[in-house]
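K.L.:
Sharing work24.cif (mmCIF, C-alpha atoms) below.
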```cif
data_query
#
loop_
_atom_site.label_atom_id
_atom_site.label_comp_id
_atom_site.auth_asym_id
_atom_site.auth_seq_id
_atom_site.Cartn_x
_atom_site.Cartn_y
_atom_site.Cartn_z
CA MET A 667 69.15 34.42 -66.58
CA SER A 668 70.86 31.61 -64.76
CA SER A 669 68.88 28.63 -63.57
CA PRO A 670 68.11 28.42 -59.85
CA ILE A 671 70.46 26.46 -57.65
CA ASP A 672 69.08 23.25 -56.31
CA LEU A 673 70.17 23.31 -52.69
CA THR A 674 68.64 19.93 -51.98
CA ALA A 675 70.70 18.04 -54.54
CA GLU A 676 73.02 15.33 -53.25
CA ASP A 677 76.15 16.82 -54.99
CA SER A 678 75.56 20.33 -53.68
CA ASP A 679 78.45 21.93 -51.74
CA VAL A 680 76.07 23.89 -49.56
CA GLU A 681 75.28 22.36 -46.21
CA VAL A 682 71.57 22.53 -45.52
CA THR A 683 70.38 22.80 -41.94
CA GLY A 684 66.94 23.25 -40.49
CA PRO A 685 63.64 22.22 -42.03
CA PRO A 686 63.58 20.94 -45.62
CA VAL A 687 63.41 23.56 -48.35
CA ILE A 688 60.29 23.65 -50.46
CA ASP A 689 60.75 24.17 -54.16
CA LEU A 690 58.27 26.85 -55.08
CA THR A 691 58.99 26.55 -58.78
CA LYS A 692 57.25 23.18 -59.15
CA GLU A 693 53.63 23.30 -60.19
CA THR A 694 51.77 21.04 -57.72
CA ALA A 695 48.02 20.73 -57.42
CA PRO A 696 46.54 22.14 -54.20
CA PRO A 697 45.29 19.54 -51.66
CA LYS A 698 41.76 18.39 -52.24
CA GLN A 699 39.40 20.09 -49.85
CA ARG A 700 36.71 17.94 -48.29
CA ARG A 701 33.32 19.18 -49.24
CA LYS A 702 31.25 20.13 -46.22
CA ARG A 703 27.62 19.24 -46.05
CA PRO A 704 25.45 22.32 -45.92
CA ARG A 705 23.40 21.91 -42.78
CA ASP A 706 20.51 23.92 -44.12
CA SER A 707 19.88 21.39 -46.88
CA VAL A 708 19.97 18.30 -44.64
CA ARG A 709 16.54 16.88 -44.01
CA SER A 710 15.10 16.75 -40.49
CA LYS A 711 15.70 13.01 -40.13
CA GLY A 712 19.44 13.44 -40.67
CA THR A 713 19.47 12.00 -44.20
CA PRO A 714 22.34 13.59 -46.19
CA ILE A 715 21.75 15.48 -49.39
CA GLU A 716 21.75 13.63 -52.70
CA GLY A 717 25.21 13.45 -54.17
CA ASP A 718 28.24 11.27 -54.28
CA ARG A 719 27.48 9.83 -50.83
CA ARG A 720 24.87 7.16 -50.41
CA PRO A 721 21.88 8.12 -48.27
CA ARG A 722 22.05 6.80 -44.74
CA LYS A 723 19.96 3.71 -44.14
CA ARG A 724 17.31 4.41 -41.56
CA HIS A 725 16.58 1.82 -38.86
CA ASP A 726 13.17 0.37 -39.44
CA VAL A 727 11.59 -0.01 -36.00
CA ARG A 728 8.15 -0.78 -37.32
CA GLY A 729 8.51 -4.52 -36.82
CA ALA A 730 9.88 -4.15 -33.30
CA THR A 731 7.09 -1.73 -32.42
CA GLU A 732 4.46 -4.14 -33.69
CA ARG A 733 5.94 -6.97 -31.63
CA ALA A 734 5.96 -4.78 -28.51
CA THR A 735 2.37 -3.66 -28.96
CA ARG A 736 1.30 -7.22 -29.67
CA LYS A 737 2.38 -8.20 -26.15
CA LYS A 738 0.48 -5.30 -24.59
CA ARG A 739 -2.57 -5.83 -26.73
CA SER A 740 -5.61 -6.83 -24.72
CA PRO A 741 -7.08 -10.29 -25.26
CA PRO A 742 -9.85 -10.60 -27.79
CA ASP A 743 -13.15 -9.30 -26.51
CA ASP A 744 -15.43 -12.23 -25.71
CA GLY A 745 -18.43 -10.08 -24.83
CA ARG A 746 -17.72 -9.80 -21.09
CA LYS A 747 -17.28 -6.03 -21.22
CA GLN A 748 -20.64 -5.56 -22.89
CA MET A 749 -22.28 -7.97 -20.42
CA LYS A 750 -20.77 -5.95 -17.55
CA ARG A 751 -22.13 -2.69 -19.00
CA ASP A 752 -25.58 -4.21 -19.46
CA ALA A 753 -25.64 -5.60 -15.92
CA ASP A 754 -24.56 -2.31 -14.38
CA SER A 755 -27.14 -0.46 -16.44
CA ALA A 756 -29.91 -2.84 -15.30
CA PHE A 757 -28.83 -2.45 -11.67
CA LYS A 758 -28.96 1.35 -11.94
CA ARG A 759 -32.47 1.09 -13.40
CA ARG A 760 -33.34 -1.05 -10.33
CA ALA A 761 -34.21 -3.97 -12.60
CA PHE A 762 -32.70 -6.35 -10.07
CA ASP A 763 -34.09 -9.56 -11.57
CA GLU A 764 -32.54 -8.80 -14.97
CA ALA A 765 -29.31 -7.54 -13.41
CA GLY A 766 -28.97 -10.67 -11.25
CA THR A 767 -29.30 -12.93 -14.29
CA LEU A 768 -26.70 -10.90 -16.19
CA PHE A 769 -24.29 -10.99 -13.23
CA VAL A 770 -24.63 -14.77 -12.94
CA ASN A 771 -23.97 -15.20 -16.68
CA LEU A 772 -20.99 -12.86 -16.40
CA ALA A 773 -19.63 -14.89 -13.47
CA ALA A 774 -19.88 -18.05 -15.58
CA ALA A 775 -17.96 -16.32 -18.40
CA HIS A 776 -15.23 -15.24 -15.96
CA GLU A 777 -14.96 -18.75 -14.52
CA GLU A 778 -14.70 -20.22 -18.01
CA ALA A 779 -11.88 -17.79 -18.79
CA GLY A 780 -10.05 -18.83 -15.60
CA ASP A 781 -10.72 -15.64 -13.62
CA ASP A 782 -12.01 -17.02 -10.31
CA GLU A 783 -11.64 -13.68 -8.53
CA GLY A 784 -13.78 -11.93 -11.13
CA ALA A 785 -16.34 -14.73 -11.04
CA GLY A 786 -16.66 -14.43 -7.26
CA ARG A 787 -17.02 -10.67 -7.50
CA GLU A 788 -19.87 -10.91 -10.01
CA LEU A 789 -21.66 -13.57 -7.94
CA GLY A 790 -21.43 -11.15 -5.03
CA ASN A 791 -23.12 -8.52 -7.22
CA ALA A 792 -25.83 -11.04 -8.05
CA ALA A 793 -26.31 -11.59 -4.30
CA ALA A 794 -26.79 -7.84 -3.88
CA CYS A 795 -29.54 -7.96 -6.49
CA ALA A 796 -31.24 -10.86 -4.68
CA LEU A 797 -30.99 -9.01 -1.35
CA ASN A 798 -32.63 -5.91 -2.85
CA GLU A 799 -35.50 -8.13 -4.04
CA GLY A 800 -35.93 -9.57 -0.54
CA LYS A 801 -34.61 -13.05 -1.44
CA GLU A 802 -32.32 -13.54 1.56
CA LEU A 803 -31.91 -17.30 1.15
CA ALA A 804 -30.84 -16.98 -2.52
CA ALA A 805 -28.49 -14.11 -1.59
CA ASP A 806 -26.90 -16.21 1.16
CA ARG A 807 -26.35 -19.10 -1.26
CA LEU A 808 -24.84 -16.79 -3.89
CA CYS A 809 -22.48 -15.25 -1.32
CA THR A 810 -21.36 -18.68 -0.17
CA ASP A 811 -20.65 -19.74 -3.78
CA ALA A 812 -18.80 -16.47 -4.38
CA LEU A 813 -16.58 -17.02 -1.32
CA LYS A 814 -15.58 -20.43 -2.66
CA LEU A 815 -14.12 -18.66 -5.70
CA ALA A 816 -12.79 -15.56 -3.89
CA PRO A 817 -12.26 -16.50 -0.21
CA ASP A 818 -10.29 -13.35 0.63
CA ASN A 819 -12.82 -10.85 -0.71
CA ALA A 820 -13.84 -8.73 2.28
CA ALA A 821 -16.73 -7.05 0.42
CA ILE A 822 -18.44 -10.41 -0.20
CA LEU A 823 -17.99 -11.38 3.45
CA LEU A 824 -19.59 -8.13 4.58
CA ARG A 825 -22.42 -8.62 2.11
CA ARG A 826 -23.11 -12.09 3.50
CA ALA A 827 -23.08 -10.57 6.99
CA ARG A 828 -25.81 -8.13 5.95
CA VAL A 829 -27.78 -11.00 4.41
CA ARG A 830 -27.55 -13.11 7.56
CA ARG A 831 -28.51 -10.17 9.75
CA ALA A 832 -31.64 -9.77 7.62
CA MET A 833 -32.30 -13.51 8.15
CA GLY A 834 -32.00 -13.07 11.93
CA LYS A 835 -28.67 -14.90 12.31
CA ASP A 836 -26.92 -12.22 14.35
CA ALA A 837 -24.07 -14.39 15.69
CA ALA A 838 -23.14 -15.67 12.22
CA ALA A 839 -23.46 -12.14 10.81
CA LYS A 840 -21.03 -10.74 13.39
CA ARG A 841 -18.53 -13.53 12.66
CA ASP A 842 -18.66 -12.68 8.96
CA ALA A 843 -18.24 -8.97 9.71
CA GLN A 844 -15.22 -9.68 11.92
CA ALA A 845 -13.71 -11.88 9.19
CA ALA A 846 -14.34 -9.10 6.65
CA PHE A 847 -12.46 -6.61 8.85
CA THR A 848 -9.59 -9.08 9.27
CA LYS A 849 -9.25 -9.67 5.50
CA ALA A 850 -9.91 -6.07 4.48
CA THR A 851 -7.24 -4.44 2.33
CA PRO A 852 -6.10 -0.83 2.84
CA LEU A 853 -8.29 0.09 -0.13
CA ASP A 854 -11.32 -1.47 1.55
CA LYS A 855 -10.57 0.36 4.81
CA SER A 856 -10.33 3.66 2.95
CA ARG A 857 -14.00 3.36 1.90
CA THR A 858 -16.25 5.17 4.36
CA SER A 859 -19.28 2.97 3.60
CA PHE A 860 -17.29 -0.21 4.28
CA MET A 861 -16.10 0.99 7.69
CA ARG A 862 -19.55 2.34 8.58
CA ASP A 863 -21.16 -1.03 7.84
CA LEU A 864 -18.56 -2.79 10.02
CA GLN A 865 -19.25 -0.41 12.90
CA ALA A 866 -22.96 -1.19 12.57
CA PHE A 867 -22.10 -4.80 13.53
CA GLY A 868 -20.23 -3.63 16.63
CA ILE A 869 -16.76 -4.21 15.15
CA ASP A 870 -14.02 -2.05 16.68
CA THR A 871 -12.43 -0.42 13.62
CA SER A 872 -10.08 1.90 15.51
CA PRO A 873 -6.43 1.56 14.41
CA LYS A 874 -4.37 -0.75 16.58
CA ASP A 875 -1.22 0.44 18.27
CA PRO A 876 1.69 -1.78 17.13
CA TRP A 877 3.47 -1.09 20.45
CA ALA A 878 0.56 -2.34 22.59
CA SER A 879 1.64 -5.99 22.68
CA ILE A 880 5.26 -4.94 23.29
CA ARG A 881 4.26 -2.79 26.28
CA VAL A 882 2.21 -5.64 27.76
CA ALA A 883 5.03 -8.18 27.29
CA ARG A 884 7.68 -5.90 28.84
CA LEU A 885 5.45 -4.97 31.77
CA ASN A 886 4.79 -8.64 32.53
CA ALA A 887 8.53 -9.35 32.22
CA SER A 888 9.45 -6.63 34.74
CA LYS A 889 11.25 -7.55 37.94
CA ALA A 890 8.32 -6.61 40.19
CA CYS A 891 5.71 -8.55 38.22
CA LYS A 892 7.88 -11.65 37.95
CA ALA A 893 8.61 -11.55 41.70
CA LEU A 894 4.92 -11.54 42.60
CA GLY A 895 3.75 -13.64 39.66
CA VAL A 896 1.20 -11.06 38.50
CA SER A 897 0.49 -9.91 34.94
CA VAL A 898 -1.86 -7.84 32.80
CA GLU A 899 -3.85 -9.02 29.78
CA ARG A 900 -4.34 -5.82 27.75
CA ASP A 901 -2.51 -2.60 27.13
CA GLY A 902 -3.46 0.11 29.60
CA GLU A 903 -4.21 -2.24 32.50
CA GLU A 904 -2.37 -1.77 35.80
CA ILE A 905 -1.45 -4.01 38.70
CA THR A 906 -3.87 -3.07 41.46
CA PRO A 907 -2.81 -2.97 45.16
CA GLN A 908 -5.38 -5.70 45.93
CA ALA A 909 -3.89 -8.06 43.31
CA ALA A 910 -0.36 -7.32 44.57
CA ARG A 911 -1.40 -7.96 48.18
CA ALA A 912 -3.05 -11.29 47.31
CA ALA A 913 0.04 -12.38 45.37
CA PHE A 914 2.30 -11.36 48.29
CA ARG A 915 0.30 -13.51 50.70
CA LYS A 916 0.86 -16.53 48.49
CA CYS A 917 4.59 -15.78 48.40
CA ALA A 918 4.72 -15.34 52.18
CA VAL A 919 3.23 -18.80 52.70
CA ARG A 920 6.23 -20.30 50.89
CA TYR A 921 9.14 -17.94 51.58
CA HIS A 922 8.47 -16.33 54.98
CA PRO A 923 11.37 -16.98 57.44
CA ASP A 924 8.94 -18.40 60.00
CA LYS A 925 7.64 -20.91 57.46
CA LEU A 926 11.20 -21.87 56.59
CA GLN A 927 11.94 -22.48 60.26
CA GLN A 928 8.79 -24.57 60.68
CA ASN A 929 9.73 -26.68 57.66
CA ASN A 930 13.36 -27.03 58.86
CA ILE A 931 14.75 -25.45 55.66
CA THR A 932 18.32 -24.25 56.11
CA GLY A 933 21.48 -23.60 54.17
CA LYS A 934 21.53 -22.28 50.63
CA GLU A 935 17.88 -23.10 50.06
CA ALA A 936 16.93 -20.93 53.00
CA GLU A 937 19.11 -18.07 51.77
CA ALA A 938 17.49 -18.24 48.31
CA ALA A 939 14.04 -18.30 49.90
CA LYS A 940 14.84 -15.24 52.03
CA GLU A 941 16.07 -13.37 48.95
CA LYS A 942 12.87 -14.30 47.11
CA PHE A 943 10.76 -13.10 50.05
CA ARG A 944 12.65 -9.79 50.10
CA GLU A 945 11.93 -9.26 46.36
CA CYS A 946 8.26 -10.06 46.88
CA ARG A 947 8.00 -7.59 49.77
CA GLU A 948 9.70 -4.82 47.74
CA ALA A 949 7.33 -5.44 44.81
CA ALA A 950 4.28 -5.42 47.09
CA ASP A 951 5.45 -2.16 48.68
CA LEU A 952 5.90 -0.65 45.20
CA PHE A 953 2.32 -1.43 44.11
CA ALA A 954 0.92 -0.39 47.50
CA ASP A 955 2.40 3.10 47.16
CA ALA A 956 0.15 5.09 44.80
CA SER A 957 2.82 7.51 43.54
CA ARG A 958 5.45 4.84 42.98
CA SER A 959 2.95 2.54 41.28
CA ARG A 960 1.84 5.37 38.99
CA GLN A 961 5.45 6.08 38.03
CA PHE A 962 6.10 2.36 37.49
CA HIS A 963 3.21 1.96 35.04
CA TYR A 964 4.11 5.22 33.29
CA ASN A 965 7.62 3.90 32.61
CA TYR A 966 6.11 1.10 30.54
CA ALA A 967 3.30 3.19 29.06
CA VAL A 968 5.73 5.53 27.27
CA ILE A 969 7.34 2.70 25.26
CA GLY A 970 6.84 3.47 21.60
CA THR A 971 6.10 7.16 22.21
CA ARG A 972 8.03 10.42 22.05
CA LEU A 973 9.40 12.04 25.18
CA PRO A 974 7.51 15.25 26.02
CA ASP A 975 10.63 17.34 26.66
CA ASN A 976 12.30 16.37 23.37
CA ILE A 977 9.97 15.59 20.50
CA SER A 978 12.72 13.95 18.43
CA GLU A 979 13.55 11.28 21.03
CA GLU A 980 11.46 8.11 21.21
CA VAL A 981 11.45 5.41 23.89
CA LEU A 982 12.24 1.91 22.67
CA GLY A 983 12.20 0.11 26.00
CA TYR A 984 12.55 0.26 29.77
CA ASP A 985 14.95 -1.64 32.01
CA SER A 986 13.36 -2.03 35.45
CA ASP A 987 16.57 -3.41 36.97
CA ARG A 988 18.53 -0.26 36.16
CA ASP A 989 15.44 2.02 36.11
CA ALA A 990 16.48 3.44 32.76
CA HIS A 991 14.73 3.98 29.45
CA ARG A 992 16.35 2.99 26.16
CA ILE A 993 16.01 6.13 24.06
CA ARG A 994 16.76 6.74 20.40
CA ASP A 995 17.20 10.11 18.77
CA ARG A 996 14.78 9.70 15.91
CA ALA A 997 16.05 12.61 13.85
CA SER A 998 19.63 11.35 13.82
CA TRP A 999 18.46 7.78 13.25
CA LEU A 1000 16.57 8.74 10.10
CA GLU A 1001 19.72 10.36 8.74
CA SER A 1002 22.01 7.52 9.83
CA THR A 1003 23.82 5.43 7.25
CA ARG A 1004 23.19 2.31 9.34
CA ARG A 1005 19.49 2.55 8.59
CA LEU A 1006 18.38 0.42 5.65
CA ARG A 1007 17.44 2.50 2.66
CA VAL A 1008 14.21 1.78 0.84
CA GLN A 1009 15.04 0.96 -2.75
CA ALA A 1010 12.56 1.84 -5.45
CA LEU A 1011 11.45 -1.03 -7.64
#
```
Would you encode the structure as structure tokens?

P.N.:
Amino acid sequence: MSSPIDLTAEDSDVEVTGPPVIDLTKETAPPKQRRKRPRDSVRSKGTPIEGDRRPRKRHDVRGATERATRKKRSPPDDGRKQMKRDADSAFKRRAFDEAGTLFVNLAAAHEEAGDDEGAGRELGNAAACALNEGKELAADRLCTDALKLAPDNAAILLRRARVRRAMGKDAAAKRDAQAAFTKATPLDKSRTSFMRDLQAFGIDTSPKDPWASIRVARLNASKACKALGVSVERDGEEITPQAARAAFRKCAVRYHPDKLQQNNITGKEAEAAKEKFRECREAADLFADASRSRQFHYNYAVIGTRLPDNISEEVLGYDSDRDAHRIRDRASWLESTRRLRVQAL
């Protein structure tokens, strides 16, 4: 049998085209197949099986975890928690003398630790114990000392108001109650007992309308009020016909044409005075007419409210010169991209 012809040899007469020819007669080892890791024998942490590959080194987070928990770890207990539990327990047992002593000692511990707010709070609790024992003078002194440490604590102010009311100092008690309502936080105002105690002192705890001052300022800045020189002090007040008539009489003394003629005022000054008198007369006629006056005050009363015919439109202002309200479509404004978005912290 003749030997096979090597078509790839350089001295071959056969022209080879196309892909290179593979010599199947040569004994070559098959390519080494990469051994796959059997997934069923891999441990849950992802560590490979024992073999020619080294086990993967796991990241030791124990040190980092200990450092993180060390920052969050509470300060060493110096006995204040136990003192607080003992004082609360004595107060519930109505052992007010013992509870007051414990609260004073606890306040001293807080002050030594640099917690002035906590020290003031515990002195206020000691004042409550003294008040329950009928020691109003000691309770007043404790509340005063507590307010030196925590001047913005509304609960301590209200407690001192109760103490001073028991001592017969009604004026001072009402001042403290008003100060407590001024410094009260939303959490304090959410407590029913706190608001009930304030109302017992005659404090008006009804929510204030933020548009009230704006309505008063715009009403006083209206063309009619500025012409007569009249104004209102509180929201809801109206210019009465009597006040408008009295103001018009004062204007007539200065700007009436007869007065101008008596005082020999002519030229541009007389023209300005006549224009001023005309504005005063129009304003006085407006307030003298009941229907027009009612409509005038309503135009300023609706500022900051929704229009009755369209619940989504709110009134932002009123222009008395053009007799037009400035209205905003609240629904479209809330969806507008020009409105600042509230970003979460």

K.L.:
At most 8 Å from (-32.2, -2.2, -14.2), file frame, only C-alpha atoms: which residues, as a compact mmCIF listing (two decimals) with C-alpha atoms, in the coordinates of the input?

P.N.:
```txt
# COMPACT_ATOMS: atom_id res chain seq x y z
CA ALA A 753 -25.64 -5.60 -15.92
CA ASP A 754 -24.56 -2.31 -14.38
CA SER A 755 -27.14 -0.46 -16.44
CA ALA A 756 -29.91 -2.84 -15.30
CA PHE A 757 -28.83 -2.45 -11.67
CA LYS A 758 -28.96 1.35 -11.94
CA ARG A 759 -32.47 1.09 -13.40
CA ARG A 760 -33.34 -1.05 -10.33
CA ALA A 761 -34.21 -3.97 -12.60
CA PHE A 762 -32.70 -6.35 -10.07
CA GLU A 764 -32.54 -8.80 -14.97
CA ALA A 765 -29.31 -7.54 -13.41
```

K.L.:
In the coordinates of the file, take the point (-19.6, -14.0, -4.7) and a cut-off of 9 Å; then, counting all atoms listed in the file, name each qualifying protein, DNA or RNA residue as a list in words.

P.N.:
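Nearby residues: Ala773, Glu783, Gly784, Ala785, Gly786, Arg787, Glu788, Leu789, Gly790, Asn791, Ala792, Ala793, Leu808, Cys809, Thr810, Asp811, Ala812, Leu813, Lys814, Leu815, Ala816, Pro817, Asn819, Ile822 and Leu823 of chain A.
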
K.L.:
Can you give me, as a VMD selection string, the residues this file yields under the PyMOL selection byres ((chain A and resi 950) around 12)?

P.N.:
chain A and resid 889 to 896 905 to 918 943 to 949 951 to 956 958 to 959

K.L.:
Which polymer residues have any atom within 12 Å of an atom of Lys801 of chain A, counting only C-alpha atoms, with same-chain residues fewer than 3 positions away left out, as a PyMOL selection string?

P.N.:
chain A and resi 762-763+766+792-798+804-808+829-830+832-833

K.L.:
Please determine, counting all atoms listed in the file, which residue among A:Glu904, A:Asp875, A:Glu778, A:Asp836 has the shortest atom-to-atom distance to Gly970 of chain A.

P.N.:
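Among the listed residues, A:Asp875 lies closest to Gly970 of chain A.
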
K.L.:
How many Å lie between atom CA of Asp781 of chain A and atom CA of Asp854 of chain A, rounded to one decimal?

P.N.:
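Rounded to one decimal, the two atoms are 20.8 Å apart.
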
K.L.:
Which residue gives the smallest distance to Ser998 of chain A among A:Val968, A:Leu768, A:Glu980, A:Glu802, with only C-alpha atoms counted?

P.N.:
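Of the candidates, the smallest distance to Ser998 of chain A is held by A:Glu980.
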
K.L.:
List the neighbours of segment 880-885 of chain A out to 7 Å using all atoms listed in the file; skip same-chain residues closer than 5 positions along the sequence, and give me the result as a ChimeraX atom specification.

P.N.:
/A:898,900-901,966-967,969

K.L.:
Using all atoms listed in the file, which of the listed residues (A:His776, A:Arg831, A:Lys925, A:Arg920) sits closest to Gly745 of chain A?

P.N.:
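Checking each candidate against Gly745 of chain A, we get A:His776 as the closest.
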
K.L.:
Report as a list in words all protein, DNA and RNA residues lying within 9 Å of His991 of chain A, evaluated on all atoms listed in the file, omitting residues in the same chain fewer than 3 positions from it.

P.N.:
Asn965, Ile969, Val981, Leu982, Gly983, Tyr984, Asp985, Ser986 and Arg988 of chain A

K.L.:
Could you jot down the atom CA of Arg826 of chain A to atom CA of Ala843 of chain A separation for me, Å, one decimal place?

P.N.:
8.5 Å
